[in-house]
file my_file_18.cif (mmCIF, C-alpha atoms and all ligand atoms)
data_upload
loop_
_atom_site.label_atom_id
_atom_site.label_comp_id
_atom_site.auth_asym_id
_atom_site.auth_seq_id
_atom_site.Cartn_x
_atom_site.Cartn_y
_atom_site.Cartn_z
CA MET A 1 28.53 66.50 -41.83
CA LEU A 2 31.39 68.97 -42.28
CA THR A 3 30.83 71.91 -44.65
CA SER A 4 33.09 74.82 -45.40
CA ILE A 5 31.95 78.24 -46.56
CA CYS A 6 34.84 79.99 -48.27
CA GLY A 7 35.48 83.01 -50.47
CA VAL A 8 36.24 82.41 -54.12
CA ASN A 9 37.50 85.94 -54.85
CA TRP A 10 39.39 88.65 -52.93
CA GLY A 11 37.08 88.56 -49.89
CA ASP A 12 33.87 90.48 -49.10
CA GLU A 13 31.86 88.04 -51.20
CA GLY A 14 29.02 87.94 -48.67
CA LYS A 15 30.19 84.91 -46.68
CA GLY A 16 28.61 86.28 -43.48
CA LYS A 17 25.20 86.45 -45.08
CA MET A 18 25.45 82.92 -46.48
CA VAL A 19 26.70 81.47 -43.19
CA ASP A 20 23.85 83.22 -41.40
CA LEU A 21 21.37 81.74 -43.88
CA LEU A 22 22.76 78.22 -44.10
CA SER A 23 23.67 77.81 -40.43
CA GLU A 24 20.00 77.15 -39.67
CA ASP A 25 20.68 73.47 -40.31
CA TYR A 26 23.96 73.34 -38.40
CA ASP A 27 24.87 72.67 -34.79
CA ILE A 28 28.29 74.33 -34.79
CA VAL A 29 29.83 77.21 -36.73
CA CYS A 30 33.59 77.55 -36.50
CA ARG A 31 36.03 80.24 -37.64
CA TYR A 32 39.38 78.62 -38.37
CA GLN A 33 41.81 81.32 -39.55
CA GLY A 34 42.45 85.05 -39.57
CA GLY A 35 41.43 87.52 -36.91
CA ASN A 36 39.47 90.71 -36.58
CA ASN A 37 40.62 91.84 -40.00
CA ALA A 38 37.44 90.05 -41.11
CA GLY A 39 34.26 92.06 -41.45
CA HIS A 40 31.26 89.82 -42.01
CA THR A 41 28.01 91.73 -42.39
CA VAL A 42 24.82 90.00 -41.41
CA ILE A 43 21.35 91.49 -41.71
CA ASN A 44 18.46 89.50 -40.26
CA GLU A 45 15.34 89.99 -38.18
CA ARG A 46 17.50 90.84 -35.14
CA GLY A 47 19.19 93.78 -36.88
CA LYS A 48 22.41 94.57 -38.74
CA PHE A 49 25.63 93.15 -37.35
CA ILE A 50 29.25 93.42 -38.39
CA LEU A 51 31.20 90.50 -37.02
CA ASN A 52 34.98 90.60 -36.94
CA LEU A 53 35.94 87.68 -34.71
CA LEU A 54 32.76 85.89 -33.79
CA PRO A 55 31.36 83.32 -36.21
CA SER A 56 28.16 84.40 -37.95
CA GLY A 57 26.35 81.51 -36.19
CA ILE A 58 26.40 83.57 -32.99
CA LEU A 59 23.17 85.19 -34.20
CA ARG A 60 21.32 81.87 -34.05
CA GLU A 61 20.16 80.39 -30.79
CA ASN A 62 21.14 76.73 -30.42
CA VAL A 63 24.27 77.11 -32.55
CA VAL A 64 27.58 76.60 -30.76
CA ASN A 65 30.30 78.88 -32.10
CA VAL A 66 33.98 78.07 -32.12
CA LEU A 67 37.06 80.24 -32.54
CA GLY A 68 39.52 77.67 -33.83
CA ALA A 69 43.21 77.02 -33.31
CA GLY A 70 44.24 78.67 -36.60
CA MET A 71 42.90 82.04 -35.52
CA VAL A 72 44.60 85.08 -34.04
CA ILE A 73 42.47 86.77 -31.41
CA ASP A 74 42.68 90.39 -30.31
CA ILE A 75 41.16 89.88 -26.85
CA ARG A 76 40.34 93.57 -26.39
CA HIS A 77 38.48 93.55 -29.70
CA LEU A 78 36.68 90.34 -28.72
CA HIS A 79 35.65 91.91 -25.43
CA GLU A 80 34.18 94.90 -27.34
CA GLU A 81 32.50 92.73 -29.96
CA ILE A 82 30.80 90.62 -27.30
CA ALA A 83 29.66 93.79 -25.49
CA ARG A 84 28.23 95.18 -28.76
CA LEU A 85 26.24 92.03 -29.39
CA GLU A 86 24.99 91.84 -25.83
CA ALA A 87 23.82 95.46 -26.08
CA ALA A 88 21.83 94.40 -29.15
CA GLY A 89 20.22 91.57 -27.20
CA VAL A 90 22.39 88.70 -28.48
CA SER A 91 23.74 86.65 -25.62
CA VAL A 92 27.28 85.35 -25.80
CA THR A 93 28.07 82.83 -23.08
CA PRO A 94 30.54 79.99 -22.46
CA GLU A 95 27.73 77.75 -23.70
CA ASN A 96 27.45 79.23 -27.19
CA LEU A 97 31.05 80.41 -27.63
CA LYS A 98 34.11 78.17 -27.30
CA ILE A 99 37.60 79.51 -27.83
CA SER A 100 40.47 77.20 -28.76
CA ASP A 101 43.24 77.03 -26.19
CA LYS A 102 45.62 76.90 -29.16
CA ALA A 103 44.45 80.10 -30.85
CA VAL A 104 47.04 82.87 -30.72
CA ILE A 105 46.57 86.20 -28.93
CA THR A 106 47.02 89.43 -30.87
CA MET A 107 48.83 91.88 -28.60
CA PRO A 108 48.60 95.70 -28.70
CA TYR A 109 52.24 95.73 -29.82
CA HIS A 110 51.30 93.70 -32.91
CA ILE A 111 48.89 96.44 -33.91
CA LEU A 112 51.54 99.04 -33.18
CA LEU A 113 54.12 97.18 -35.30
CA ASP A 114 51.61 96.79 -38.13
CA CYS A 115 51.07 100.56 -38.18
CA LEU A 116 54.76 101.40 -37.82
CA GLU A 117 55.65 99.13 -40.73
CA GLU A 118 52.85 100.38 -43.03
CA ASP A 119 53.92 103.96 -42.26
CA ARG A 120 57.55 103.09 -42.99
CA LEU A 121 56.55 101.55 -46.32
CA ALA A 122 54.57 104.72 -47.20
CA ASP A 123 53.67 104.50 -50.92
CA LYS A 124 54.88 100.88 -51.06
CA LYS A 125 52.47 99.80 -48.32
CA PHE A 126 50.62 96.46 -48.47
CA GLY A 127 47.26 97.93 -47.60
CA SER A 128 47.13 96.21 -44.22
CA THR A 129 44.00 96.55 -42.10
CA ARG A 130 46.45 97.69 -39.37
CA ARG A 131 44.97 95.21 -36.93
CA GLY A 132 48.25 93.46 -36.19
CA ILE A 133 47.53 90.36 -38.24
CA ALA A 134 50.85 89.97 -40.11
CA PRO A 135 53.00 90.68 -36.99
CA VAL A 136 51.05 88.23 -34.83
CA TYR A 137 51.18 85.42 -37.41
CA ALA A 138 54.90 86.15 -37.84
CA ASP A 139 55.36 85.72 -34.08
CA LYS A 140 53.34 82.50 -34.16
CA TYR A 141 55.76 81.00 -36.63
CA MET A 142 58.71 82.46 -34.71
CA LYS A 143 57.23 80.56 -31.74
CA LYS A 144 57.10 83.77 -29.75
CA ALA A 145 53.36 84.28 -29.57
CA PHE A 146 50.97 83.81 -26.66
CA ARG A 147 48.13 81.34 -26.94
CA MET A 148 44.70 81.50 -25.35
CA GLY A 149 45.41 78.44 -23.18
CA GLU A 150 48.17 80.32 -21.41
CA LEU A 151 45.57 82.64 -19.92
CA LEU A 152 44.53 79.70 -17.76
CA HIS A 153 48.03 79.56 -16.22
CA PRO A 154 49.04 83.15 -15.39
CA ASP A 155 52.29 82.20 -13.59
CA LEU A 156 53.66 80.44 -16.64
CA LEU A 157 52.29 83.18 -18.89
CA TYR A 158 54.01 86.02 -17.07
CA ALA A 159 57.32 84.17 -16.87
CA ARG A 160 57.25 83.71 -20.64
CA ALA A 161 55.98 87.24 -21.23
CA LYS A 162 59.11 88.66 -19.66
CA ASP A 163 61.37 86.90 -22.18
CA ILE A 164 59.15 87.66 -25.15
CA LEU A 165 58.89 91.31 -24.23
CA GLU A 166 62.65 91.64 -23.96
CA TRP A 167 62.90 90.32 -27.53
CA LYS A 168 60.01 92.36 -28.90
CA ASN A 169 61.37 95.59 -27.47
CA LEU A 170 64.59 95.09 -29.45
CA THR A 171 62.53 95.55 -32.62
CA LEU A 172 60.36 98.35 -31.29
CA THR A 173 63.22 100.46 -30.00
CA GLY A 174 66.04 99.38 -32.33
CA VAL A 175 64.26 99.16 -35.68
CA TYR A 176 61.40 101.63 -35.29
CA LYS A 177 62.90 103.91 -32.61
CA HIS A 178 59.65 103.57 -30.66
CA ALA A 179 59.26 103.52 -26.88
CA PRO A 180 59.45 100.01 -25.38
CA VAL A 181 56.39 98.16 -24.10
CA SER A 182 56.38 97.56 -20.34
CA MET A 183 55.57 94.36 -18.50
CA GLU A 184 52.86 96.28 -16.58
CA GLU A 185 51.04 97.12 -19.81
CA VAL A 186 51.15 93.49 -20.92
CA ILE A 187 49.88 92.19 -17.57
CA GLU A 188 47.10 94.76 -17.57
CA TYR A 189 46.05 93.69 -21.08
CA PHE A 190 45.89 90.03 -20.06
CA GLU A 191 44.07 90.76 -16.81
CA THR A 192 41.53 93.20 -18.23
CA TYR A 193 40.66 91.36 -21.44
CA GLY A 194 42.03 87.83 -21.06
CA ALA A 195 40.96 86.83 -17.56
CA PRO A 196 37.20 87.29 -18.23
CA LEU A 197 37.49 84.83 -21.14
CA LYS A 198 38.72 81.93 -19.02
CA ASP A 199 35.42 80.06 -19.03
CA TYR A 200 35.27 80.17 -22.83
CA ILE A 201 38.67 78.57 -23.41
CA CYS A 202 38.88 74.84 -24.02
CA ASP A 203 40.24 72.15 -26.30
CA THR A 204 37.91 72.89 -29.20
CA GLY A 205 39.53 70.08 -31.21
CA LEU A 206 38.14 67.55 -28.77
CA LEU A 207 34.78 69.30 -28.74
CA LEU A 208 34.56 69.19 -32.55
CA HIS A 209 35.82 65.61 -32.70
CA GLU A 210 33.12 64.46 -30.31
CA ALA A 211 30.46 66.52 -32.06
CA ALA A 212 31.38 65.02 -35.44
CA LYS A 213 31.35 61.53 -33.93
CA ALA A 214 27.88 62.17 -32.56
CA GLY A 215 26.71 63.09 -36.07
CA LYS A 216 26.42 66.83 -35.46
CA LYS A 217 26.61 69.21 -38.39
CA ILE A 218 29.62 71.50 -38.40
CA MET A 219 30.13 74.53 -40.61
CA PHE A 220 33.52 76.18 -41.11
CA GLU A 221 33.44 79.88 -41.87
CA ALA A 222 36.42 81.36 -43.68
CA GLN A 223 37.66 84.89 -43.72
CA LEU A 224 38.75 86.62 -46.95
CA GLY A 225 38.94 84.72 -50.24
CA ALA A 226 41.16 82.39 -52.25
CA LEU A 227 43.03 85.25 -53.92
CA ARG A 228 44.15 86.53 -50.50
CA ASP A 229 45.43 83.16 -49.32
CA ILE A 230 49.00 83.35 -48.07
CA ASP A 231 50.21 80.58 -50.42
CA TYR A 232 47.79 80.59 -53.35
CA GLY A 233 46.76 84.23 -53.44
CA ILE A 234 48.38 87.33 -54.95
CA TYR A 235 51.40 87.17 -52.63
CA PRO A 236 52.66 89.42 -51.09
CA TYR A 237 49.31 91.28 -51.22
CA THR A 238 47.66 88.48 -49.29
CA SER A 239 46.44 87.92 -45.80
CA SER A 240 48.80 86.12 -43.44
CA SER A 241 46.68 83.00 -43.05
CA THR A 242 45.25 80.15 -45.09
CA THR A 243 41.85 81.07 -46.48
CA ILE A 244 41.45 77.76 -48.31
CA ALA A 245 38.69 75.24 -47.51
CA ALA A 246 41.11 72.31 -47.25
CA TYR A 247 42.71 74.04 -44.24
CA ALA A 248 39.40 74.29 -42.38
CA PRO A 249 39.66 71.00 -40.43
CA ILE A 250 43.25 71.84 -39.51
CA GLY A 251 42.60 75.41 -38.39
CA ALA A 252 39.47 74.31 -36.56
CA GLY A 253 41.25 71.62 -34.54
CA VAL A 254 40.18 68.42 -36.29
CA PRO A 255 43.00 67.70 -38.79
CA HIS A 256 41.94 64.04 -39.00
CA LEU A 257 38.51 64.85 -40.44
CA LYS A 258 37.64 65.46 -44.08
CA LEU A 259 35.19 68.00 -45.45
CA ASP A 260 31.96 66.61 -46.86
CA LYS A 261 31.14 69.76 -48.79
CA SER A 262 32.83 72.97 -49.83
CA ILE A 263 30.57 75.89 -50.73
CA GLY A 264 32.36 78.71 -52.50
CA ILE A 265 30.93 82.22 -52.13
CA MET A 266 31.45 84.19 -55.32
CA LYS A 267 30.38 87.73 -56.11
CA ALA A 268 28.56 88.56 -59.37
CA TYR A 269 31.21 91.27 -59.95
CA SER A 270 34.66 91.87 -58.50
CA THR A 271 35.81 93.86 -55.48
CA CYS A 272 39.08 94.07 -53.67
CA VAL A 273 40.30 95.99 -50.63
CA GLY A 274 43.85 97.19 -50.30
CA GLU A 275 46.82 97.03 -52.60
CA GLY A 276 47.91 94.50 -55.20
CA PRO A 277 47.17 93.61 -58.82
CA PHE A 278 43.49 93.65 -59.79
CA THR A 279 43.40 92.99 -63.51
CA ALA A 280 39.88 93.98 -64.50
CA GLU A 281 39.69 97.07 -62.30
CA TYR A 282 37.31 99.91 -63.12
CA PHE A 283 38.41 103.48 -62.50
CA GLY A 284 36.80 106.92 -62.30
CA GLU A 285 33.06 107.31 -62.79
CA LYS A 286 32.62 103.74 -63.97
CA ALA A 287 34.09 102.52 -60.69
CA GLU A 288 32.12 104.99 -58.58
CA GLU A 289 28.84 103.89 -60.17
CA LEU A 290 29.42 100.22 -59.25
CA ARG A 291 30.94 101.03 -55.84
CA LYS A 292 27.94 103.15 -54.92
CA ALA A 293 25.40 100.62 -56.21
CA GLY A 294 27.05 97.80 -54.28
CA GLY A 295 27.85 99.82 -51.15
CA GLU A 296 31.44 98.70 -51.54
CA TYR A 297 33.08 100.17 -48.48
CA GLY A 298 35.04 97.85 -46.17
CA ALA A 299 33.02 96.41 -43.27
CA ALA A 300 36.13 96.20 -41.07
CA THR A 301 37.82 99.45 -42.07
CA GLY A 302 35.32 101.60 -44.02
CA ARG A 303 37.81 101.88 -46.88
CA PRO A 304 36.31 102.27 -50.38
CA ARG A 305 36.72 98.95 -52.19
CA ARG A 306 38.26 98.69 -55.64
CA VAL A 307 35.67 97.34 -58.07
CA GLY A 308 35.46 95.70 -61.49
CA PRO A 309 33.43 93.27 -63.58
CA PHE A 310 33.19 89.55 -62.86
CA ASP A 311 36.53 87.93 -63.64
CA VAL A 312 36.27 84.42 -65.08
CA VAL A 313 40.04 83.79 -64.93
CA ALA A 314 40.46 84.72 -61.26
CA SER A 315 37.15 83.16 -60.17
CA SER A 316 37.81 79.83 -61.92
CA TYR A 317 41.13 79.68 -60.11
CA GLY A 318 39.43 80.58 -56.82
CA ILE A 319 36.82 77.85 -57.30
CA ARG A 320 39.60 75.33 -57.95
CA CYS A 321 41.55 76.45 -54.86
CA GLN A 322 38.44 76.09 -52.72
CA GLY A 323 37.48 72.73 -54.23
CA ALA A 324 33.99 74.21 -54.36
CA ASP A 325 31.35 71.51 -54.89
CA GLU A 326 28.74 74.25 -54.87
CA VAL A 327 28.84 77.98 -55.48
CA ALA A 328 26.65 80.76 -54.11
CA LEU A 329 26.65 83.73 -56.48
CA THR A 330 26.02 86.88 -54.44
CA LYS A 331 24.95 90.45 -55.11
CA LEU A 332 23.44 89.72 -58.50
CA ASP A 333 20.88 92.44 -57.75
CA ILE A 334 23.60 95.09 -57.92
CA LEU A 335 24.08 94.43 -61.65
CA SER A 336 20.51 95.59 -62.25
CA ILE A 337 21.97 99.09 -62.83
CA TYR A 338 23.39 98.06 -66.20
CA ASP A 339 21.95 97.95 -69.72
CA GLU A 340 25.01 95.95 -70.68
CA ILE A 341 27.12 93.92 -68.27
CA GLU A 342 30.81 93.41 -68.85
CA VAL A 343 32.62 90.21 -67.89
CA CYS A 344 36.36 89.70 -67.99
CA VAL A 345 36.59 86.37 -69.84
CA ALA A 346 40.38 86.08 -70.34
CA TYR A 347 43.64 87.99 -69.86
CA GLU A 348 46.04 89.21 -72.49
CA LEU A 349 49.64 88.64 -71.44
CA ASP A 350 52.48 89.72 -73.75
CA GLY A 351 50.14 89.60 -76.73
CA LYS A 352 48.79 86.13 -75.89
CA ILE A 353 45.31 85.32 -74.63
CA ILE A 354 45.42 83.28 -71.43
CA HIS A 355 42.63 81.58 -69.51
CA GLU A 356 44.58 80.25 -66.52
CA PHE A 357 45.41 82.51 -63.58
CA PRO A 358 49.12 83.34 -63.99
CA TYR A 359 51.96 83.55 -61.48
CA PRO A 360 50.90 86.63 -59.45
CA ASP A 361 53.92 88.78 -60.37
CA LEU A 362 52.79 88.63 -64.01
CA LEU A 363 49.36 90.04 -63.21
CA GLU A 364 50.67 93.60 -63.48
CA LYS A 365 51.28 92.93 -67.18
CA CYS A 366 47.88 91.32 -67.82
CA LYS A 367 45.09 93.19 -69.56
CA PRO A 368 41.46 92.13 -69.25
CA VAL A 369 39.63 90.73 -72.27
CA MET A 370 36.02 91.82 -71.89
CA ARG A 371 32.77 90.44 -73.23
CA LYS A 372 29.44 92.18 -72.99
CA PHE A 373 26.13 90.67 -71.95
CA LYS A 374 22.66 92.10 -72.21
CA GLY A 375 21.51 93.40 -68.83
CA TRP A 376 18.05 92.90 -67.33
CA HIS A 377 17.83 96.43 -66.00
CA CYS A 378 15.01 95.83 -63.53
CA ASP A 379 14.72 95.19 -59.82
CA ILE A 380 15.37 91.52 -59.03
CA SER A 381 15.72 91.95 -55.29
CA GLN A 382 12.27 90.50 -54.62
CA CYS A 383 12.82 87.35 -56.69
CA ARG A 384 12.81 84.21 -54.55
CA LYS A 385 12.54 81.52 -57.21
CA ARG A 386 14.62 80.73 -60.28
CA GLU A 387 11.57 81.19 -62.52
CA GLU A 388 11.12 84.76 -61.27
CA LEU A 389 14.50 85.87 -62.57
CA PRO A 390 14.54 87.65 -65.95
CA ALA A 391 15.90 85.66 -68.91
CA GLU A 392 18.97 87.92 -69.14
CA ALA A 393 19.86 87.20 -65.51
CA LEU A 394 19.50 83.47 -66.09
CA ALA A 395 21.70 83.75 -69.19
CA TYR A 396 24.34 85.62 -67.14
CA ILE A 397 24.29 82.93 -64.41
CA ASP A 398 24.40 80.18 -67.02
CA PHE A 399 27.40 81.77 -68.75
CA ILE A 400 29.32 82.08 -65.47
CA GLU A 401 28.50 78.53 -64.47
CA LYS A 402 29.83 77.16 -67.76
CA ALA A 403 32.82 79.52 -68.05
CA CYS A 404 33.95 78.71 -64.49
CA ASP A 405 32.93 75.04 -64.71
CA CYS A 406 31.08 75.27 -61.41
CA ASN A 407 27.76 74.38 -59.85
CA ILE A 408 25.81 77.52 -58.85
CA THR A 409 23.26 76.34 -56.30
CA TYR A 410 22.37 79.67 -54.69
CA VAL A 411 21.95 83.18 -56.06
CA ALA A 412 21.71 86.04 -53.56
CA VAL A 413 19.73 89.12 -54.57
CA GLY A 414 19.81 91.24 -51.43
CA ALA A 415 21.49 91.68 -48.07
CA GLU A 416 18.62 90.30 -46.00
CA ARG A 417 18.63 86.71 -44.84
CA ASP A 418 15.79 85.60 -47.12
CA ALA A 419 17.01 87.40 -50.25
CA CYS A 420 18.36 84.23 -51.76
CA ILE A 421 17.27 81.87 -54.52
CA ARG A 422 17.87 78.12 -54.33
CA MET A 423 18.73 77.35 -57.96
CA LYS A 424 18.83 73.54 -57.78
P1 LIG B 1 31.94 88.89 -46.16
O1 LIG B 1 33.13 89.46 -45.47
O2 LIG B 1 32.30 87.90 -47.22
O3 LIG B 1 30.90 88.37 -45.22
O4 LIG B 1 31.27 90.07 -46.95
P2 LIG B 1 30.95 91.56 -46.43
O5 LIG B 1 30.05 91.50 -45.29
O6 LIG B 1 32.21 92.32 -46.24
O7 LIG B 1 30.29 92.20 -47.73
C1 LIG B 1 29.14 91.79 -48.25
C2 LIG B 1 28.14 92.94 -48.19
O8 LIG B 1 27.13 92.73 -49.11
C3 LIG B 1 27.45 93.08 -46.86
O9 LIG B 1 27.13 94.41 -46.64
C4 LIG B 1 26.19 92.24 -47.05
O10 LIG B 1 25.12 92.65 -46.23
C5 LIG B 1 25.88 92.52 -48.47
N1 LIG B 1 25.28 91.42 -49.24
C6 LIG B 1 25.55 90.10 -49.16
N2 LIG B 1 24.88 89.44 -50.13
C7 LIG B 1 24.20 90.39 -50.83
C8 LIG B 1 23.36 90.35 -51.98
O11 LIG B 1 23.10 89.31 -52.59
N3 LIG B 1 22.86 91.55 -52.43
C9 LIG B 1 23.13 92.73 -51.81
N4 LIG B 1 22.60 93.85 -52.32
N5 LIG B 1 23.92 92.79 -50.73
C10 LIG B 1 24.45 91.64 -50.26
#

call {"tool": "encode", "arguments": {"input": "my_file_18.cif", "output": "structure tokens"}}
result
Amino acid sequence: MLTSICGVNWGDEGKGKMVDLLSEDYDIVCRYQGGNNAGHTVINERGKFILNLLPSGILRENVVNVLGAGMVIDIRHLHEEIARLEAAGVSVTPENLKISDKAVITMPYHILLDCLEEDRLADKKFGSTRRGIAPVYADKYMKKAFRMGELLHPDLLYARAKDILEWKNLTLTGVYKHAPVSMEEVIEYFETYGAPLKDYICDTGLLLHEAAKAGKKIMFEAQLGALRDIDYGIYPYTSSSTTIAAYAPIGAGVPHLKLDKSIGIMKAYSTCVGEGPFTAEYFGEKAEELRKAGGEYGAATGRPRRVGPFDVVASSYGIRCQGADEVALTKLDILSIYDEIEVCVAYELDGKIIHEFPYPDLLEKCKPVMRKFKGWHCDISQCRKREELPAEALAYIDFIEKACDCNITYVAVGAERDACIRMK
């Protein structure tokens, strides 16, 4: 059984919470793209955790967690994340964490280049998390990146590092007029943060292949959402990796296997971190009210998130991109603040009403077409069954399900693990 858990929107949909909840029935949870630009928040009986690199299954005993081949791994960050979890009593060992030998290593100079480029762009910046993600993926495709497997062969690694550094320093010194990076710094980085990971590194493709053959249940956990996908998102304001469910078997290391189920995680309203078009955006007090109610501040960066009403046009497109057989609608409880709830049901583009998500460059010209729904205006965070939800909440869910032509099987009404309603 292969299931993917992916974001339908711009990210921060609550994937971490849903993976934490649903992973109970799974043997393996695998991250397959992105890096520590992710910030998955999980609250359960063991405490509150923000996971950047580790799959959310790490909080469950008996679940094996995999960092797949499509990922970029900042080994210093991983070292710190493991230490944080261990301090909180969660053990991370080579038994419950497996790192793909083909995953790429994020180097300190990738972070440096990310910052130098964002600073150079100034008011035209992309809104990068400044964690080196775009530079490291760029190097991957330039075939000048280091992979985790190389840590197992230091002689070969250092010979290659010399050539790569020579090339990288041309950019650092020539383009950005920055001091060059020395070979000593690179070796120290590998030895301090890479060497202790040796026992975790393996061919995770083989591991997943054998697990699938043995009938084990595997869950793929995505980072960000469909609208930040490098190909199908709001390019260039996207992440640098593929956030789409169909990529999960590839990024995980089992390109020959097909997904059995895709679960799309979709927020009951819209949020977005960073730059780029965001058609139904709220501003001023209206935005602050929703941001505050939803606690919409980035888990990875602490940045205030941009907010708006649920967007049928963008979400329908996201559901299609994710091939979502099922949808979990999250944070419905946050809408309890409203007497009337707005939903963006269409866009107006050059005087025409459109229902399909347009070519991203045209989004700047799109205006939201809003429709209002009666709110329920009461606390729903304790509801655990469909029947306990107020009629107005059910009507809101029903409208979204029909408007987006999707199958809402879960509704989340709180951050805690059990604050979730199985709808069907
Ligand atoms: P992810 O990156 O998709 O995992 O999402 P984030 O962790 O960045 O953001 C989701 C935030 O909402 C986290 O703080 C979660 O604890 C919280 N959360 C998730 N689902 C719900 C929900 O249904 N209601 C409320 N109130 N909070 C939720």

call {"tool": "residues_near_ligand", "arguments": {"input": "my_file_18.cif", "ligand": "ligand LIG 1 (chain B)", "cutoff": "9 Å", "atoms": "only C-alpha atoms and all ligand atoms", "output": "mmCIF file with C-alpha atoms, in the coordinates of the input"}}
result
data_model
loop_
_atom_site.group_PDB
_atom_site.id
_atom_site.type_symbol
_atom_site.label_atom_id
_atom_site.label_comp_id
_atom_site.auth_asym_id
_atom_site.auth_seq_id
_atom_site.Cartn_x
_atom_site.Cartn_y
_atom_site.Cartn_z
ATOM 1 C CA CYS A 6 34.840 79.990 -48.270
ATOM 2 C CA GLY A 7 35.480 83.010 -50.470
ATOM 3 C CA GLY A 11 37.080 88.560 -49.890
ATOM 4 C CA ASP A 12 33.870 90.480 -49.100
ATOM 5 C CA GLU A 13 31.860 88.040 -51.200
ATOM 6 C CA GLY A 14 29.020 87.940 -48.670
ATOM 7 C CA LYS A 15 30.190 84.910 -46.680
ATOM 8 C CA GLY A 16 28.610 86.280 -43.480
ATOM 9 C CA LYS A 17 25.200 86.450 -45.080
ATOM 10 C CA MET A 18 25.450 82.920 -46.480
ATOM 11 C CA VAL A 19 26.700 81.470 -43.190
ATOM 12 C CA ALA A 38 37.440 90.050 -41.110
ATOM 13 C CA GLY A 39 34.260 92.060 -41.450
ATOM 14 C CA HIS A 40 31.260 89.820 -42.010
ATOM 15 C CA THR A 41 28.010 91.730 -42.390
ATOM 16 C CA VAL A 42 24.820 90.000 -41.410
ATOM 17 C CA ILE A 43 21.350 91.490 -41.710
ATOM 18 C CA LYS A 48 22.410 94.570 -38.740
ATOM 19 C CA PHE A 49 25.630 93.150 -37.350
ATOM 20 C CA ILE A 50 29.250 93.420 -38.390
ATOM 21 C CA LEU A 51 31.200 90.500 -37.020
ATOM 22 C CA ASN A 52 34.980 90.600 -36.940
ATOM 23 C CA SER A 56 28.160 84.400 -37.950
ATOM 24 C CA ALA A 222 36.420 81.360 -43.680
ATOM 25 C CA GLN A 223 37.660 84.890 -43.720
ATOM 26 C CA LEU A 224 38.750 86.620 -46.950
ATOM 27 C CA GLY A 225 38.940 84.720 -50.240
ATOM 28 C CA ILE A 265 30.930 82.220 -52.130
ATOM 29 C CA MET A 266 31.450 84.190 -55.320
ATOM 30 C CA LYS A 267 30.380 87.730 -56.110
ATOM 31 C CA ALA A 268 28.560 88.560 -59.370
ATOM 32 C CA ALA A 293 25.400 100.620 -56.210
ATOM 33 C CA GLY A 294 27.050 97.800 -54.280
ATOM 34 C CA GLY A 295 27.850 99.820 -51.150
ATOM 35 C CA GLU A 296 31.440 98.700 -51.540
ATOM 36 C CA TYR A 297 33.080 100.170 -48.480
ATOM 37 C CA GLY A 298 35.040 97.850 -46.170
ATOM 38 C CA ALA A 299 33.020 96.410 -43.270
ATOM 39 C CA ALA A 300 36.130 96.200 -41.070
ATOM 40 C CA LEU A 329 26.650 83.730 -56.480
ATOM 41 C CA THR A 330 26.020 86.880 -54.440
ATOM 42 C CA LYS A 331 24.950 90.450 -55.110
ATOM 43 C CA LEU A 332 23.440 89.720 -58.500
ATOM 44 C CA ASP A 333 20.880 92.440 -57.750
ATOM 45 C CA ILE A 334 23.600 95.090 -57.920
ATOM 46 C CA SER A 381 15.720 91.950 -55.290
ATOM 47 C CA VAL A 411 21.950 83.180 -56.060
ATOM 48 C CA ALA A 412 21.710 86.040 -53.560
ATOM 49 C CA VAL A 413 19.730 89.120 -54.570
ATOM 50 C CA GLY A 414 19.810 91.240 -51.430
ATOM 51 C CA ALA A 415 21.490 91.680 -48.070
ATOM 52 C CA GLU A 416 18.620 90.300 -46.000
ATOM 53 C CA ARG A 417 18.630 86.710 -44.840
ATOM 54 C CA ALA A 419 17.010 87.400 -50.250
ATOM 55 C CA CYS A 420 18.360 84.230 -51.760
#

call {"tool": "residues_near_point", "arguments": {"input": "my_file_18.cif", "point": "(46.4, 83.5, -48.5)", "cutoff": "12 Å", "atoms": "all atoms listed in the file", "output": "count of residues only"}}
result
36

call {"tool": "residues_around", "arguments": {"input": "my_file_18.cif", "residues": "Asn96 (chain A)", "least_positions_apart": "2", "cutoff": "10 Å", "atoms": "only C-alpha atoms", "output": "list of chain:residue names"}}
result
A:Ile28, A:Gly57, A:Ile58, A:Arg60, A:Glu61, A:Asn62, A:Val63, A:Val64, A:Asn65, A:Val66, A:Ser91, A:Val92, A:Thr93, A:Pro94, A:Lys98, A:Tyr200

call {"tool": "residues_around", "arguments": {"input": "my_file_18.cif", "residues": "region 109-119 of chain A", "least_positions_apart": "5", "cutoff": "6 Å", "atoms": "only C-alpha atoms", "output": "list in words"}}
result
Lys125, Arg130, Arg131, Gly132, Pro135 and Val136 of chain A

call {"tool": "axis_aligned_box", "arguments": {"input": "my_file_18.cif", "around": "region 44-61 of chain A", "padding_each_side": "8 Å", "output": "lines of an AutoDock Vina configuration file"}}
result
center_x = 25.6
center_y = 87.5
center_z = -35.5
size_x = 36.6
size_y = 30.2
size_z = 25.5

call {"tool": "closest_residue", "arguments": {"input": "my_file_18.cif", "among": "A:Asn44, A:Asp361, A:Met423, A:Ser4", "to": "Leu389 (chain A)", "atoms": "all atoms listed in the file"}}
result
A:Met423

call {"tool": "closest_residue", "arguments": {"input": "my_file_18.cif", "among": "A:Tyr32, A:Tyr141, A:Phe126, A:Phe278", "to": "Pro360 (chain A)", "atoms": "all atoms listed in the file"}}
result
A:Phe278

call {"tool": "closest_residue", "arguments": {"input": "my_file_18.cif", "among": "A:His355, A:His178, A:Lys258, A:Arg384", "to": "Tyr410 (chain A)", "atoms": "only C-alpha atoms"}}
result
A:Arg384
